[in-house]
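These notes are about the structure you will find just below.
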Amino acid sequence: MSLVLSSLFPVFSLLLIGSLLKRLKLTNEMFLKLSDRLVYFIFFPVLLFWKIGGAEIGRFVNWNLCIAVLVSIAVTYIISALALKLFNISDYKAGSFSQSCYRFNTYIGMAIIFYAFGEEGIKHFGLLIGFAIPFINVLAVSTLIWYSGKTTSSGRRLGIFFKEIFTNPLVLACAAGLAYSRMIGYFPAFIDNTFRLMSAAALPLALISIGGALTIKGLRGNLSISTIGSIIKLLFLPLVGFFVLRELQVIGLPFKVGMIFFMLPTSASIYVLSSQLNSDTELASSAIVLSTILSFFSLSLGLML
């Protein structure tokens, strides 16, 4: 219980602080957008490059963990596709719903892994998301293109597809970190201290930005579909992941990191992709808020495993 409290309390406290700061008008939309860009393009990539670049890759690349994550996401994607038919979800909502079932919030995951498992956990998580993000983007963009094909030009769809897959700064940072680790594997003290200082801003700024962006507007109109998506994301994905991890004999810290990954709330990026490819942004916002709230319980269970 102490691990749950010490790991989740700081994270959800900063989310709440971010929401309160927005309500008190101490932050605004412009600040949140700018801080999110700083985190996404600078601070988080620096954090990932620093942690992975200075790691002994032979110790931290757990291929069974990476395979388990990809297999579990693929199975959950199939479940989400069946849910689209079972619950008669419209084409306009399909892309947003599908993403809500398997996309994950990197920032919340990084914060919880850091507080629960320290720097070794961060290295496992960083390498894991380096494999997961491209795969998830392939699934998400393909689904959005399929259901929005009538209203989006093929050139624009193709451009968004390649942009989301091959220009993601977190993926590029992981790839650069892997290459640096194999070629050099350590940082001089002055660079190490610089990266440490820059990385210190990443987690609090990211969580405050997420908290400020959360709003319950539109939740009532999309509550049923958002609930279905949250159940798939926070219940079915962890269950599938648990059995796949066990089947592939992933144990110890990699197992714990994998289970936290499966129990994370859905990513705020589903809103961005939904708006770019003509899917329901109100449903996307609703799914983000609901899964973030409910993830407190799933993450509590994950930390107790």
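Labels used: A, B, ... for chains in the order of the structure tokens, numbers from 1 for residues in each chain, and numbers from 1 for ligands as shown.
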
Inset, instruction - With a distance cut-off of 6 Å and only C-alpha atoms, select the neighbouring residues of A:Gly212, excluding the residue or stretch itself and same-chain residues fewer than 6 positions from it, and output the selection as a ChimeraX atom specification. - result: /A:18-19,22

Legend entry - Distance query A:Ile210 at most 8 Å, only C-alpha atoms, self and fewer than 4 positions along chain excluded, as a PyMOL selection string: chain A and resi 15+18+206+214+268

Inset, instruction - Using DSSP on the backbone coordinates, identify the residues of stretch 5-172 of chain A assigned to alpha helix (DSSP H); present them as a count of residues only. - result: 137

Inset, instruction - Rounded to one decimal place, report the atom CA of A:Gly177-atom CA of A:Phe49 distance in Å. - result: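 So the answer is 4.5 Å.
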
Inset, instruction - Within 10 Å of A:Ile228, counting only C-alpha atoms, which residues show up once you throw out same-chain ones fewer than 2 positions away? Write them as number ranges by chain, please. - result: A: 80, 83, 87, 97, 100-101, 223-226, 230-233, 287

For A:Thr143, list every protein, DNA or RNA residue within 12 Å, evaluated using only C-alpha atoms, and leave out those in the same chain fewer than 5 positions away; present the list as a tab-separated table (two decimals) with N, CA and C atoms, in the first residue's frame.
```
chain	number	residue	atom	x	y	z
A	77	TYR	N	-6.47	-4.55	-30.03
A	77	TYR	CA	-6.96	-3.87	-31.25
A	77	TYR	C	-8.07	-4.69	-31.91
A	78	ILE	N	-7.89	-6.00	-31.96
A	78	ILE	CA	-8.92	-6.88	-32.52
A	78	ILE	C	-10.20	-6.81	-31.69
A	80	SER	N	-11.17	-4.28	-29.92
A	80	SER	CA	-11.80	-2.97	-30.18
A	80	SER	C	-12.55	-2.99	-31.51
A	81	ALA	N	-12.00	-3.69	-32.51
A	81	ALA	CA	-12.66	-3.79	-33.81
A	81	ALA	C	-13.97	-4.56	-33.69
A	84	LEU	N	-16.62	-2.34	-32.12
A	84	LEU	CA	-17.23	-1.39	-33.06
A	84	LEU	C	-18.48	-1.98	-33.70
A	91	ASP	N	-19.16	5.36	-37.91
A	91	ASP	CA	-17.86	5.60	-38.55
A	91	ASP	C	-17.21	6.85	-38.00
A	92	TYR	N	-18.01	7.88	-37.71
A	92	TYR	CA	-17.47	9.15	-37.21
A	92	TYR	C	-16.81	8.98	-35.85
A	93	LYS	N	-17.32	8.07	-35.03
A	93	LYS	CA	-16.77	7.85	-33.70
A	93	LYS	C	-15.75	6.71	-33.66
A	94	ALA	N	-15.70	5.92	-34.72
A	94	ALA	CA	-14.91	4.68	-34.70
A	94	ALA	C	-13.43	4.91	-34.46
A	95	GLY	N	-12.84	5.88	-35.14
A	95	GLY	CA	-11.41	6.14	-34.99
A	95	GLY	C	-11.03	6.56	-33.59
A	96	SER	N	-11.83	7.46	-33.00
A	96	SER	CA	-11.56	7.92	-31.64
A	96	SER	C	-11.74	6.79	-30.64
A	97	PHE	N	-12.81	6.00	-30.83
A	97	PHE	CA	-13.06	4.88	-29.92
A	97	PHE	C	-11.93	3.87	-29.98
A	98	SER	N	-11.52	3.50	-31.19
A	98	SER	CA	-10.47	2.50	-31.35
A	98	SER	C	-9.19	2.92	-30.64
A	99	GLN	N	-8.79	4.17	-30.83
A	99	GLN	CA	-7.56	4.65	-30.18
A	99	GLN	C	-7.66	4.59	-28.66
A	136	ILE	N	1.61	1.25	-32.49
A	136	ILE	CA	0.32	1.83	-32.15
A	136	ILE	C	-0.09	2.87	-33.19
A	137	ASN	N	0.87	3.67	-33.65
A	137	ASN	CA	0.55	4.68	-34.65
A	137	ASN	C	0.11	4.05	-35.97
A	138	VAL	N	0.71	2.93	-36.33
A	138	VAL	CA	0.27	2.21	-37.53
A	138	VAL	C	-1.19	1.80	-37.39
A	148	SER	N	-12.38	7.40	-42.24
A	148	SER	CA	-12.55	8.78	-42.67
A	148	SER	C	-12.14	8.97	-44.13
A	149	GLY	N	-11.99	7.87	-44.86
A	149	GLY	CA	-11.48	7.91	-46.23
A	149	GLY	C	-12.33	8.72	-47.18
A	157	ARG	N	-3.88	12.05	-46.14
A	157	ARG	CA	-3.87	10.87	-45.27
A	157	ARG	C	-2.49	10.22	-45.24
A	161	PHE	N	0.03	9.84	-42.08
A	161	PHE	CA	0.48	8.49	-41.74
A	161	PHE	C	1.99	8.46	-41.49
A	273	LEU	N	-5.06	13.36	-33.32
A	273	LEU	CA	-5.25	12.54	-34.52
A	273	LEU	C	-6.71	12.54	-34.96
A	274	SER	N	-7.63	12.52	-33.99
A	274	SER	CA	-9.05	12.53	-34.34
A	274	SER	C	-9.43	13.82	-35.07
A	277	LEU	N	-8.03	13.72	-38.72
A	277	LEU	CA	-8.60	12.74	-39.63
A	277	LEU	C	-10.10	12.56	-39.45
A	278	ASN	N	-10.77	13.65	-39.11
A	278	ASN	CA	-12.24	13.72	-39.15
A	278	ASN	C	-12.95	12.68	-38.30
A	279	SER	N	-12.46	12.47	-37.09
A	279	SER	CA	-13.17	11.62	-36.15
A	279	SER	C	-13.70	12.48	-35.01
```

Legend entry - Computed interatomic separation between atom CA of A:Ser295 and atom CA of A:Pro265 (Å): 5.5 Å

Inset, instruction - Grab the atom CA of A:Leu245 to atom CA of A:Leu305 distance for me, in Å with one decimal place. - result: 13.2 Å

Legend entry - Given only C-alpha atoms as the counted atoms, nearest of A:Met259, A:Met183, A:Ile216, A:Leu253 to A:Asn62: A:Leu253

Fewer than 5 positions away in the same chain doesn't count, so skip those; otherwise give me all residues within 12 Å of A:Arg196, counting only C-alpha atoms, as an mmCIF file with N, CA and C atoms, in the first residue's frame.
```cif
data_model
loop_
_atom_site.group_PDB
_atom_site.id
_atom_site.type_symbol
_atom_site.label_atom_id
_atom_site.label_comp_id
_atom_site.auth_asym_id
_atom_site.auth_seq_id
_atom_site.Cartn_x
_atom_site.Cartn_y
_atom_site.Cartn_z
ATOM 1 N N PHE A 43 11.931 18.201 -23.623
ATOM 2 C CA PHE A 43 12.261 17.635 -22.325
ATOM 3 C C PHE A 43 12.118 16.117 -22.260
ATOM 4 N N PHE A 44 11.016 15.566 -22.822
ATOM 5 C CA PHE A 44 10.849 14.111 -22.776
ATOM 6 C C PHE A 44 11.825 13.387 -23.700
ATOM 7 N N VAL A 46 14.803 14.366 -24.419
ATOM 8 C CA VAL A 46 16.088 14.442 -23.709
ATOM 9 C C VAL A 46 16.138 13.395 -22.601
ATOM 10 N N LEU A 47 15.034 13.262 -21.849
ATOM 11 C CA LEU A 47 14.975 12.283 -20.767
ATOM 12 C C LEU A 47 15.187 10.868 -21.299
ATOM 13 N N LEU A 48 14.501 10.526 -22.383
ATOM 14 C CA LEU A 48 14.628 9.183 -22.951
ATOM 15 C C LEU A 48 16.025 8.938 -23.508
ATOM 16 N N PHE A 49 16.553 9.905 -24.253
ATOM 17 C CA PHE A 49 17.889 9.755 -24.818
ATOM 18 C C PHE A 49 18.929 9.586 -23.714
ATOM 19 N N TRP A 50 18.804 10.359 -22.652
ATOM 20 C CA TRP A 50 19.744 10.318 -21.533
ATOM 21 C C TRP A 50 19.709 8.966 -20.835
ATOM 22 N N LYS A 51 18.504 8.483 -20.522
ATOM 23 C CA LYS A 51 18.380 7.227 -19.784
ATOM 24 C C LYS A 51 18.802 6.025 -20.629
ATOM 25 N N GLY A 54 22.766 6.069 -21.772
ATOM 26 C CA GLY A 54 23.737 5.719 -20.739
ATOM 27 C C GLY A 54 23.535 4.347 -20.148
ATOM 28 N N GLU A 119 15.344 4.616 -11.717
ATOM 29 C CA GLU A 119 15.959 4.788 -13.028
ATOM 30 C C GLU A 119 15.984 3.494 -13.842
ATOM 31 N N PHE A 187 27.974 9.322 -20.599
ATOM 32 C CA PHE A 187 28.012 10.754 -20.833
ATOM 33 C C PHE A 187 29.054 11.397 -19.932
ATOM 34 N N ALA A 189 30.519 14.110 -17.352
ATOM 35 C CA ALA A 189 29.812 14.637 -16.186
ATOM 36 C C ALA A 189 29.047 15.916 -16.504
ATOM 37 N N PHE A 190 29.647 16.817 -17.291
ATOM 38 C CA PHE A 190 28.972 18.088 -17.550
ATOM 39 C C PHE A 190 27.738 17.910 -18.428
ATOM 40 N N ILE A 191 27.783 16.943 -19.369
ATOM 41 C CA ILE A 191 26.605 16.664 -20.186
ATOM 42 C C ILE A 191 25.570 15.902 -19.370
ATOM 43 N N ALA A 201 12.570 18.868 -15.355
ATOM 44 C CA ALA A 201 11.389 19.674 -15.690
ATOM 45 C C ALA A 201 10.319 18.877 -16.405
ATOM 46 N N ALA A 202 10.692 17.724 -16.966
ATOM 47 C CA ALA A 202 9.794 17.000 -17.863
ATOM 48 C C ALA A 202 8.529 16.511 -17.167
#
```

Inset, instruction - Using only C-alpha atoms, pick whichever of A:Leu86, A:Val257, A:Leu290, A:Val4 has the shortest atom-to-atom distance to A:Leu234. - result: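 Using only C-alpha atoms, A:Leu234 sits closest to A:Leu290.
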